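J.: Enclosed is the structure file work17.cif (mmCIF, C-alpha atoms).
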data_data
loop_
_atom_site.label_atom_id
_atom_site.label_comp_id
_atom_site.auth_asym_id
_atom_site.auth_seq_id
_atom_site.Cartn_x
_atom_site.Cartn_y
_atom_site.Cartn_z
CA MET O 1 -24.85 279.29 -48.41
CA LYS O 2 -23.47 276.58 -46.15
CA PHE O 3 -24.90 273.09 -45.72
CA GLY O 4 -24.22 270.95 -42.65
CA ILE O 5 -24.33 267.25 -43.48
CA VAL O 6 -24.88 265.23 -40.31
CA VAL O 7 -22.88 262.00 -40.09
CA PHE O 8 -24.25 259.24 -37.86
CA PRO O 9 -22.60 255.86 -37.38
CA GLY O 10 -24.14 254.05 -40.36
CA SER O 11 -24.77 257.06 -42.62
CA ASN O 12 -23.82 256.14 -46.18
CA CYS O 13 -25.15 258.91 -48.41
CA ASP O 14 -23.24 261.69 -46.69
CA GLU O 15 -20.58 261.84 -49.40
CA ASP O 16 -23.19 261.76 -52.17
CA ALA O 17 -24.87 264.74 -50.52
CA TYR O 18 -21.54 266.55 -50.18
CA HIS O 19 -20.79 265.94 -53.86
CA ALA O 20 -24.21 267.23 -54.91
CA VAL O 21 -23.99 270.36 -52.77
CA VAL O 22 -20.34 271.29 -53.26
CA ASP O 23 -19.24 269.91 -56.64
CA VAL O 24 -22.51 270.25 -58.56
CA LEU O 25 -24.45 273.04 -56.83
CA GLY O 26 -21.34 275.04 -55.94
CA ALA O 27 -22.33 275.79 -52.34
CA GLU O 28 -20.30 275.20 -49.19
CA ALA O 29 -20.72 272.18 -46.95
CA VAL O 30 -19.29 270.75 -43.77
CA TYR O 31 -19.77 267.37 -42.17
CA LEU O 32 -21.26 267.49 -38.68
CA TRP O 33 -20.48 264.47 -36.48
CA HIS O 34 -23.56 263.24 -34.64
CA LYS O 35 -21.89 263.78 -31.26
CA ALA O 36 -21.26 267.46 -31.94
CA HIS O 37 -23.21 270.12 -30.05
CA ASP O 38 -22.59 272.87 -32.58
CA LEU O 39 -23.99 273.38 -36.07
CA GLU O 40 -20.96 275.51 -37.01
CA GLY O 41 -23.11 278.29 -38.37
CA VAL O 42 -24.61 276.33 -41.25
CA ASP O 43 -27.68 277.66 -43.04
CA VAL O 44 -29.18 274.29 -43.96
CA VAL O 45 -29.00 271.01 -42.07
CA LEU O 46 -29.09 267.85 -44.18
CA LEU O 47 -29.72 264.43 -42.63
CA PRO O 48 -28.44 261.94 -45.21
CA GLY O 49 -29.49 258.42 -46.07
CA GLY O 50 -28.02 255.28 -44.58
CA PHE O 51 -28.68 253.03 -41.64
CA ALA O 52 -27.93 255.18 -38.60
CA TYR O 53 -27.24 252.94 -35.60
CA GLY O 54 -27.99 249.93 -37.78
CA ASP O 55 -31.68 250.90 -37.77
CA TYR O 56 -31.86 249.13 -34.39
CA LEU O 57 -35.33 249.02 -32.80
CA ARG O 58 -36.85 251.07 -35.66
CA ALA O 59 -35.20 253.08 -38.42
CA GLY O 60 -34.24 256.44 -36.92
CA ALA O 61 -35.36 255.56 -33.39
CA ILE O 62 -31.91 255.71 -31.80
CA ALA O 63 -30.39 258.37 -34.04
CA ARG O 64 -32.84 260.96 -32.80
CA PHE O 65 -31.14 260.84 -29.38
CA SER O 66 -27.75 261.85 -30.80
CA PRO O 67 -26.51 265.11 -29.27
CA ILE O 68 -26.61 266.92 -32.62
CA MET O 69 -30.36 266.28 -32.93
CA GLN O 70 -31.08 268.75 -30.12
CA GLU O 71 -29.28 271.41 -32.16
CA VAL O 72 -31.12 270.33 -35.30
CA ALA O 73 -34.47 270.64 -33.51
CA ALA O 74 -33.54 274.10 -32.21
CA HIS O 75 -32.45 275.15 -35.72
CA ALA O 76 -35.79 273.92 -37.09
CA GLN O 77 -37.70 275.79 -34.39
CA ARG O 78 -35.90 278.99 -35.37
CA GLY O 79 -37.19 278.45 -38.91
CA GLY O 80 -33.89 277.11 -40.23
CA PRO O 81 -34.15 274.75 -43.21
CA VAL O 82 -33.72 271.03 -42.53
CA ILE O 83 -33.85 268.33 -45.16
CA GLY O 84 -33.98 264.63 -44.34
CA ILE O 85 -33.42 262.18 -47.17
CA CYS O 86 -34.39 258.51 -46.82
CA ASN O 87 -32.98 257.51 -43.42
CA GLY O 88 -32.92 261.23 -42.66
CA PHE O 89 -36.71 261.34 -43.25
CA GLN O 90 -37.13 258.37 -40.89
CA ILE O 91 -35.09 260.20 -38.24
CA LEU O 92 -37.16 263.39 -38.63
CA CYS O 93 -40.36 261.38 -38.09
CA GLU O 94 -38.96 259.63 -35.03
CA ALA O 95 -37.80 263.01 -33.70
CA LYS O 96 -41.37 264.34 -34.22
CA LEU O 97 -40.10 267.11 -36.45
CA LEU O 98 -42.41 265.61 -39.08
CA PRO O 99 -45.64 263.66 -38.52
CA GLY O 100 -46.19 260.00 -39.34
CA ALA O 101 -43.88 257.03 -39.64
CA LEU O 102 -42.08 255.01 -42.29
CA LEU O 103 -42.80 251.30 -42.13
CA ARG O 104 -41.51 248.20 -43.87
CA ASN O 105 -42.26 248.30 -47.61
CA ALA O 106 -45.59 246.63 -48.40
CA GLY O 107 -43.81 244.08 -50.61
CA LEU O 108 -41.30 243.36 -47.80
CA GLN O 109 -38.37 243.78 -50.18
CA TYR O 110 -35.67 246.40 -50.16
CA ILE O 111 -36.19 248.44 -53.34
CA SER O 112 -33.46 250.20 -55.28
CA GLU O 113 -34.81 251.73 -58.46
CA MET O 114 -35.58 254.95 -60.30
CA VAL O 115 -39.09 256.23 -59.57
CA ARG O 116 -41.35 258.95 -60.93
CA LEU O 117 -42.55 261.68 -58.62
CA ARG O 118 -45.01 264.50 -59.12
CA VAL O 119 -44.17 267.86 -57.56
CA GLU O 120 -47.36 268.54 -55.61
CA ASN O 121 -46.31 271.89 -54.17
CA ALA O 122 -43.81 274.04 -56.06
CA ASP O 123 -44.15 276.92 -53.62
CA THR O 124 -41.82 275.71 -50.87
CA MET O 125 -38.24 276.68 -50.13
CA PHE O 126 -37.27 273.22 -51.43
CA THR O 127 -39.27 273.12 -54.67
CA ASN O 128 -39.58 276.65 -56.05
CA ARG O 129 -37.40 275.80 -59.04
CA TYR O 130 -39.80 273.09 -60.21
CA GLU O 131 -42.89 273.66 -62.32
CA PRO O 132 -46.08 272.89 -60.37
CA GLY O 133 -47.14 269.34 -61.21
CA ALA O 134 -43.81 268.52 -62.84
CA ILE O 135 -43.00 264.83 -63.15
CA VAL O 136 -39.43 264.16 -62.04
CA ARG O 137 -37.23 261.08 -61.76
CA MET O 138 -35.16 260.22 -58.69
CA PRO O 139 -33.89 256.91 -57.28
CA ILE O 140 -35.19 255.25 -54.15
CA ALA O 141 -33.18 252.76 -52.09
CA HIS O 142 -34.96 251.63 -48.95
CA GLY O 143 -36.60 248.78 -47.09
CA GLU O 144 -38.71 250.96 -44.82
CA GLY O 145 -40.36 253.69 -46.84
CA ARG O 146 -44.08 253.07 -46.51
CA TYR O 147 -45.37 256.41 -45.28
CA THR O 148 -48.07 255.88 -42.67
CA ALA O 149 -50.15 258.28 -40.61
CA ASP O 150 -53.69 258.45 -39.31
CA THR O 151 -56.44 259.80 -41.57
CA GLU O 152 -56.66 263.10 -39.71
CA THR O 153 -52.93 263.72 -40.18
CA LEU O 154 -53.09 262.77 -43.86
CA ASP O 155 -56.04 265.10 -44.45
CA ARG O 156 -54.25 267.94 -42.68
CA LEU O 157 -51.08 267.39 -44.74
CA GLU O 158 -53.10 267.43 -47.96
CA GLY O 159 -55.22 270.40 -46.90
CA GLU O 160 -52.20 272.50 -45.99
CA GLY O 161 -50.29 271.66 -49.18
CA ARG O 162 -47.65 269.83 -47.21
CA VAL O 163 -47.48 266.78 -49.43
CA VAL O 164 -44.63 267.93 -51.63
CA PHE O 165 -43.80 264.80 -53.66
CA ARG O 166 -46.03 261.90 -54.61
CA TYR O 167 -45.12 258.63 -56.34
CA VAL O 168 -46.79 258.40 -59.76
CA ASN O 169 -46.99 255.88 -62.60
CA ALA O 170 -45.65 256.20 -66.14
CA VAL O 171 -48.45 258.58 -67.12
CA GLY O 172 -48.09 260.73 -64.03
CA GLU O 173 -51.02 259.40 -61.99
CA PRO O 174 -50.63 258.53 -58.30
CA ASP O 175 -52.20 255.06 -58.43
CA ALA O 176 -51.13 251.72 -56.93
CA SER O 177 -49.01 250.84 -59.97
CA GLY O 178 -46.87 253.92 -59.38
CA ASN O 179 -46.51 253.28 -55.66
CA PRO O 180 -43.31 251.34 -54.99
CA ASN O 181 -43.65 250.74 -51.26
CA GLY O 182 -47.34 251.02 -50.33
CA SER O 183 -47.09 254.56 -48.93
CA MET O 184 -50.46 255.97 -47.91
CA ARG O 185 -51.81 258.26 -50.63
CA ASN O 186 -48.56 257.66 -52.58
CA ILE O 187 -46.75 260.13 -50.32
CA ALA O 188 -43.01 260.38 -51.03
CA GLY O 189 -42.16 263.66 -49.31
CA ILE O 190 -43.74 266.13 -46.88
CA VAL O 191 -42.89 269.43 -45.19
CA SER O 192 -43.51 270.65 -41.65
CA ALA O 193 -46.34 273.05 -40.81
CA GLU O 194 -43.94 276.00 -41.05
CA GLY O 195 -42.55 274.68 -44.32
CA ASN O 196 -38.89 274.67 -43.30
CA VAL O 197 -38.43 270.94 -42.65
CA LEU O 198 -38.60 268.56 -45.62
CA GLY O 199 -38.48 264.77 -45.46
CA LEU O 200 -38.49 262.56 -48.52
CA MET O 201 -37.63 258.94 -49.25
CA PRO O 202 -36.26 259.45 -52.81
CA HIS O 203 -32.68 260.61 -53.21
CA PRO O 204 -32.39 264.00 -54.93
CA GLU O 205 -28.64 264.03 -54.19
CA ARG O 206 -28.23 260.96 -56.37
CA ALA O 207 -30.03 262.64 -59.28
CA VAL O 208 -27.95 265.76 -59.93
CA GLU O 209 -26.06 264.85 -63.12
CA ASP O 210 -26.98 263.03 -66.33
CA VAL O 211 -24.29 260.45 -65.65
CA LEU O 212 -26.38 259.39 -62.63
CA GLY O 213 -29.40 258.75 -64.84
CA SER O 214 -31.25 261.92 -63.89
CA HIS O 215 -30.52 265.49 -62.94
CA ASP O 216 -34.03 266.16 -61.65
CA GLY O 217 -32.87 266.37 -58.02
CA LEU O 218 -30.67 269.37 -58.67
CA ALA O 219 -33.59 271.82 -58.77
CA LEU O 220 -34.34 270.92 -55.15
CA PHE O 221 -30.93 272.17 -54.06
CA GLN O 222 -31.15 275.16 -56.41
CA SER O 223 -34.50 276.05 -54.85
CA MET O 224 -32.87 276.24 -51.44
CA LEU O 225 -30.01 278.29 -52.80
CA ALA O 226 -32.49 280.75 -54.30
CA ARG O 227 -34.63 281.04 -51.17
CA VAL O 228 -32.08 280.80 -48.37
CA SER O 229 -29.48 283.13 -49.85
CA ALA O 230 -32.10 285.69 -50.83
CA MET Z 1 -34.99 248.36 -4.55
CA SER Z 2 -35.72 244.98 -6.04
CA ARG Z 3 -35.09 243.74 -9.54
CA PHE Z 4 -37.88 242.87 -11.90
CA ARG Z 5 -38.03 241.23 -15.28
CA VAL Z 6 -40.59 243.04 -17.41
CA SER Z 7 -41.86 241.39 -20.61
CA ILE Z 8 -43.35 243.72 -23.20
CA HIS Z 9 -45.22 242.83 -26.39
CA ILE Z 10 -45.17 245.44 -29.14
CA VAL Z 11 -47.31 244.82 -32.23
CA PRO Z 12 -48.37 246.80 -35.31
CA ARG Z 13 -51.62 248.57 -34.58
CA ARG Z 14 -54.75 246.92 -35.94
CA GLY Z 15 -55.80 248.54 -39.18
CA ILE Z 16 -52.21 249.25 -40.20
CA LEU Z 17 -50.97 246.94 -42.93
CA ASP Z 18 -48.54 244.36 -41.53
CA PRO Z 19 -47.07 242.78 -44.67
CA GLN Z 20 -44.99 240.31 -42.65
CA GLY Z 21 -48.08 239.16 -40.78
CA LYS Z 22 -50.01 238.84 -44.03
CA ALA Z 23 -47.27 236.74 -45.62
CA VAL Z 24 -47.24 234.45 -42.59
CA THR Z 25 -51.03 234.14 -42.62
CA ASP Z 26 -50.84 233.08 -46.27
CA ALA Z 27 -48.11 230.54 -45.45
CA LEU Z 28 -50.16 229.12 -42.56
CA HIS Z 29 -53.16 228.78 -44.86
CA SER Z 30 -51.10 226.89 -47.39
CA LEU Z 31 -50.07 224.51 -44.60
CA GLY Z 32 -53.72 223.84 -43.90
CA PHE Z 33 -54.17 226.10 -40.86
CA SER Z 34 -57.22 227.66 -42.43
CA ALA Z 35 -58.60 228.74 -39.05
CA VAL Z 36 -56.03 231.58 -38.85
CA ALA Z 37 -57.77 234.84 -39.68
CA ASP Z 38 -54.92 237.29 -38.99
CA THR Z 39 -51.29 237.41 -37.88
CA ARG Z 40 -49.50 240.39 -36.36
CA ILE Z 41 -45.73 240.25 -36.05
CA GLY Z 42 -44.05 242.53 -33.58
CA ARG Z 43 -41.30 242.56 -30.97
CA HIS Z 44 -40.88 241.02 -27.57
CA VAL Z 45 -38.75 243.16 -25.26
CA VAL Z 46 -37.48 241.85 -21.92
CA LEU Z 47 -36.18 244.43 -19.46
CA ASP Z 48 -34.27 243.81 -16.27
CA VAL Z 49 -35.03 246.86 -14.10
CA ALA Z 50 -34.59 247.99 -10.53
CA ALA Z 51 -37.77 249.31 -8.90
CA PRO Z 52 -39.28 249.54 -5.40
CA ASN Z 53 -42.12 247.20 -6.37
CA ALA Z 54 -43.79 245.52 -9.32
CA ALA Z 55 -46.26 248.37 -9.89
CA ALA Z 56 -43.41 250.87 -10.15
CA ALA Z 57 -41.58 248.59 -12.60
CA ASP Z 58 -44.75 248.41 -14.70
CA THR Z 59 -45.16 252.21 -14.67
CA ALA Z 60 -41.54 252.75 -15.64
CA ALA Z 61 -41.84 250.25 -18.51
CA ARG Z 62 -44.94 252.04 -19.84
CA GLU Z 63 -43.06 255.32 -19.86
CA MET Z 64 -40.20 253.66 -21.76
CA CYS Z 65 -42.68 252.32 -24.30
CA ASP Z 66 -44.27 255.74 -24.77
CA LYS Z 67 -40.91 257.44 -25.20
CA LEU Z 68 -38.87 254.92 -27.15
CA LEU Z 69 -39.73 251.24 -27.30
CA ALA Z 70 -42.98 251.59 -29.28
CA ASN Z 71 -43.85 254.04 -32.02
CA PRO Z 72 -47.06 255.78 -30.89
CA VAL Z 73 -48.04 256.37 -34.53
CA THR Z 74 -48.11 252.75 -35.61
CA GLU Z 75 -47.70 250.34 -32.72
CA ASP Z 76 -49.53 249.15 -29.62
CA TYR Z 77 -47.80 247.65 -26.62
CA GLU Z 78 -48.80 245.52 -23.70
CA ILE Z 79 -46.89 244.80 -20.49
CA ALA Z 80 -47.22 241.03 -20.59
CA LYS Z 81 -45.55 240.12 -17.32
CA VAL Z 82 -43.67 241.67 -14.38
CA GLU Z 83 -41.83 239.18 -12.20
CA GLY Z 84 -39.24 239.48 -9.46
CA VAL Z 85 -35.78 238.15 -10.23
#
How does this structure look as structure tokens?

T.:
Amino acid sequence: MKFGIVVFPGSNCDEDAYHAVVDVLGAEAVYLWHKAHDLEGVDVVLLPGGFAYGDYLRAGAIARFSPIMQEVAAHAQRGGPVIGICNGFQILCEAKLLPGALLRNAGLQYISEMVRLRVENADTMFTNRYEPGAIVRMPIAHGEGRYTADTETLDRLEGEGRVVFRYVNAVGEPDASGNPNGSMRNIAGIVSAEGNVLGLMPHPERAVEDVLGSHDGLALFQSMLARVSA
Amino acid sequence: MSRFRVSIHIVPRRGILDPQGKAVTDALHSLGFSAVADTRIGRHVVLDVAAPNAAAADTAAREMCDKLLANPVTEDYEIAKVEGV
């Protein structure tokens, strides 16, 4: 299986993603420059974290006009897997490949810390290697991660099982104390209606080895390997 | 074609938490401006555009807001002023 890691001016987690996918997972990966018009036959597109275009105007607002994003949208429409991590999630929302928006953290501060997440849906191509309801640890590192959408959208996401990861507290409950950024309903990650586009603020690619403080992110990549190669 | 300067106000939609606005409201209260009930902090965009007339400049600016300048999920915008330059 081949991953395509999109590199925008300002991406800074592209090499972390490459390391996770190639060195730890053992899959193939290529970098795709944002000006490219060709996905080079990759199976999975990964939009990494960072500050594409300096987050000018709004995080992800300019990046979605990069030439490669047309190819990414076409890939998603064909049912191809797309994963957006952190800034990649912001770009997917701006590109309307996922609903909602990511706003300035409620506490106004940039937060870089390990968080606890509950796997809300373990029956997606991104989470099938997790136990349903598993509590996992991954780092977050963002200033704009407060997931926001209207009530109708939130209800639809919940009803369709599209909330995949939720922030939880030390005992695994999604309350305010476990919510680092004020996200509505503690939402940390969602999938598209067809289930092939995932966006999440936490960084699974920075949680793939014990030396990083957690290896809980690895199962996400293993899930894709299991589903996409099958 | 004439040139117009279009001023646009973009603010977080009412009902959506604006933590910056809340922090500023609190600061204003501590300065004694207790009459302030709410503060919304957004962006002020000034465009210099060519258009046949002011109405066309206004229409073009609205389209730009819908497509890029404002986020339809979380923000409201208002064309504050269109003036010839």

J.: With the file shown as input, list the residues that the PyMOL selection byres ((chain Z and resi 12-27) around 9) selects, as a list in words.

T.: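 Checking the PyMOL selection byres ((chain Z and resi 12-27) around 9) against this file, the residues are Arg104, Asn105, Ala106, Gly107, Leu108 and Thr148 of chain O; Ile10, Val11, Leu28, His29, Ser30, Leu31, Gly32, Phe33, Ser34, Val36, Ala37, Asp38, Thr39, Arg40, Ile41, Gly42, Val73, Thr74, Glu75, Asp76 and Tyr77 of chain Z.
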
J.: May I have a table of the residues of chain O lying at most 12 Å from chain Z, giving each one's closest pair of atoms and their distance in Å to one decimal, counting all atoms listed in the file, ordered by chain and ascending residue number, as CSV?

T.:
residue,atom,partner,partner_atom,distance
O:Tyr56,CA,Z:Leu69,CA,10.8
O:Leu57,CA,Z:Leu69,CA,7.4
O:Arg58,CA,Z:Asn71,CA,8.4
O:Ala59,CA,Z:Asn71,CA,10.8
O:Gly60,CA,Z:Leu68,CA,10.9
O:Ala61,CA,Z:Leu68,CA,7.2
O:Ile62,CA,Z:Leu68,CA,8.4
O:Ala63,CA,Z:Leu68,CA,11.5
O:Arg64,CA,Z:Leu68,CA,10.2
O:Phe65,CA,Z:Leu68,CA,10.0
O:Gln90,CA,Z:Asn71,CA,11.9
O:Cys93,CA,Z:Val73,CA,9.8
O:Glu94,CA,Z:Asn71,CA,8.0
O:Ala95,CA,Z:Leu68,CA,10.5
O:Lys96,CA,Z:Val73,CA,10.4
O:Leu98,CA,Z:Val73,CA,11.7
O:Pro99,CA,Z:Val73,CA,8.7
O:Gly100,CA,Z:Val73,CA,6.3
O:Ala101,CA,Z:Val73,CA,6.6
O:Leu102,CA,Z:Thr74,CA,9.3
O:Leu103,CA,Z:Thr74,CA,8.5
O:Arg104,CA,Z:Pro19,CA,7.8
O:Asn105,CA,Z:Pro19,CA,7.9
O:Ala106,CA,Z:Pro19,CA,5.6
O:Gly107,CA,Z:Pro19,CA,6.9
O:Leu108,CA,Z:Pro19,CA,6.6
O:Gln109,CA,Z:Pro19,CA,10.3
O:Glu144,CA,Z:Pro19,CA,11.7
O:Arg146,CA,Z:Leu17,CA,9.9
O:Tyr147,CA,Z:Thr74,CA,10.7
O:Thr148,CA,Z:Thr74,CA,7.7
O:Ala149,CA,Z:Val73,CA,6.7
O:Asp150,CA,Z:Val73,CA,7.7
O:Thr151,CA,Z:Ile16,CA,11.4
O:Thr153,CA,Z:Val73,CA,10.5
O:Asn181,CA,Z:Pro19,CA,10.9
O:Gly182,CA,Z:Leu17,CA,9.2
O:Ser183,CA,Z:Leu17,CA,10.4
O:Met184,CA,Z:Leu17,CA,10.3

J.: Once the PyMOL selection byres ((chain O and resi 21-34) around 6) has been applied to the shown file, what residues remain in the selection, as a VMD selection string?

T.: chain O and resid 1 to 8 18 to 20 35 to 36 66 68

J.: I'd like the interatomic distance between CA of Val82 in chain Z and CA of Tyr53 in chain O, to a tenth of an Å.

T.: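 Spanning CA of Val82 in chain Z to CA of Tyr53 in chain O is a straight-line distance of 29.1 Å.
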
J.: Check the smallest atom-to-atom distance from each of O:Pro9, O:Val197, O:Glu131, O:Val119 to Ala76 in chain O using all atoms listed in the file, then report the winner.

T.: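 When distances to Ala76 in chain O are compared using all atoms listed in the file, the smallest one comes from O:Val197.
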
J.: Grab the CA of Ile140 in chain O to CA of Cys86 in chain O distance for me, in Å with one decimal place.

T.: 8.1 Å

J.: What separation in Å, quoted to one decimal, exists between CA of Met224 in chain O and CA of Ala122 in chain O?

T.: 12.1 Å

J.: Nearest to Val6 in chain Z among Z:Lys67, Z:Val46, Z:Val85, Z:Ala51, with distances taken over all atoms listed in the file: which residue is it?

T.: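 Selected residue with least distance to Val6 in chain Z: Z:Val46.
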
J.: Find the residues near Asp48 in chain Z: any atom within 10 Å, counting only C-alpha atoms, skip ones fewer than 4 places away on the same chain, and give them as a ChimeraX atom specification.

T.: /Z:3-7,57,82-85

J.: So which residues fall inside 9 Å of (-36.6, 262.1, -63.8) if we count only C-alpha atoms? Mind giving them as a compact mmCIF listing (two decimals) with C-alpha atoms, keeping the file's coordinate frame?

T.:
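Written out: selection-v1.txt:
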# COMPACT_ATOMS: atom_id res chain seq x y z
CA MET O 114 -35.58 254.95 -60.30
CA VAL O 115 -39.09 256.23 -59.57
CA ARG O 116 -41.35 258.95 -60.93
CA LEU O 117 -42.55 261.68 -58.62
CA ILE O 135 -43.00 264.83 -63.15
CA VAL O 136 -39.43 264.16 -62.04
CA ARG O 137 -37.23 261.08 -61.76
CA MET O 138 -35.16 260.22 -58.69
CA PRO O 139 -33.89 256.91 -57.28
CA ALA O 207 -30.03 262.64 -59.28
CA GLY O 213 -29.40 258.75 -64.84
CA SER O 214 -31.25 261.92 -63.89
CA HIS O 215 -30.52 265.49 -62.94
CA ASP O 216 -34.03 266.16 -61.65
CA GLY O 217 -32.87 266.37 -58.02

J.: Once the PyMOL selection byres ((chain O and resi 168) around 10) is applied to the coordinates I shared, what remains selected? I want it as a PyMOL selection string.

T.: chain O and resi 115-118+135-136+165-167+169-180+186-188

J.: Excluding same-chain residues fewer than 5 positions from Met1 in chain Z, what lies within 9 Å of it counting all atoms listed in the file, as a PyMOL selection string?

T.: chain Z and resi 50-53

J.: From the options O:Ala17, O:Val163, O:Leu97, O:Arg206, which residue's atoms come nearest to Pro81 in chain O, counting only C-alpha atoms?

T.: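 Between O:Ala17, O:Val163, O:Leu97, O:Arg206, the residue approaching Pro81 in chain O most closely is O:Leu97.
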
J.: Which of these, O:Leu225, O:Ala219, O:Val208, O:Leu46, has the shortest distance to Ile85 in chain O once you count all atoms listed in the file?

T.: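 With all atoms listed in the file as the atom set, the closest residue is O:Leu46.
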
J.: Rank nothing, just name the residue among O:Arg185, O:Tyr130, O:Gly79, O:Met201 nearest to Gln222 in chain O, using only C-alpha atoms.

T.: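 So, comparing all the options, the nearest one is O:Tyr130.
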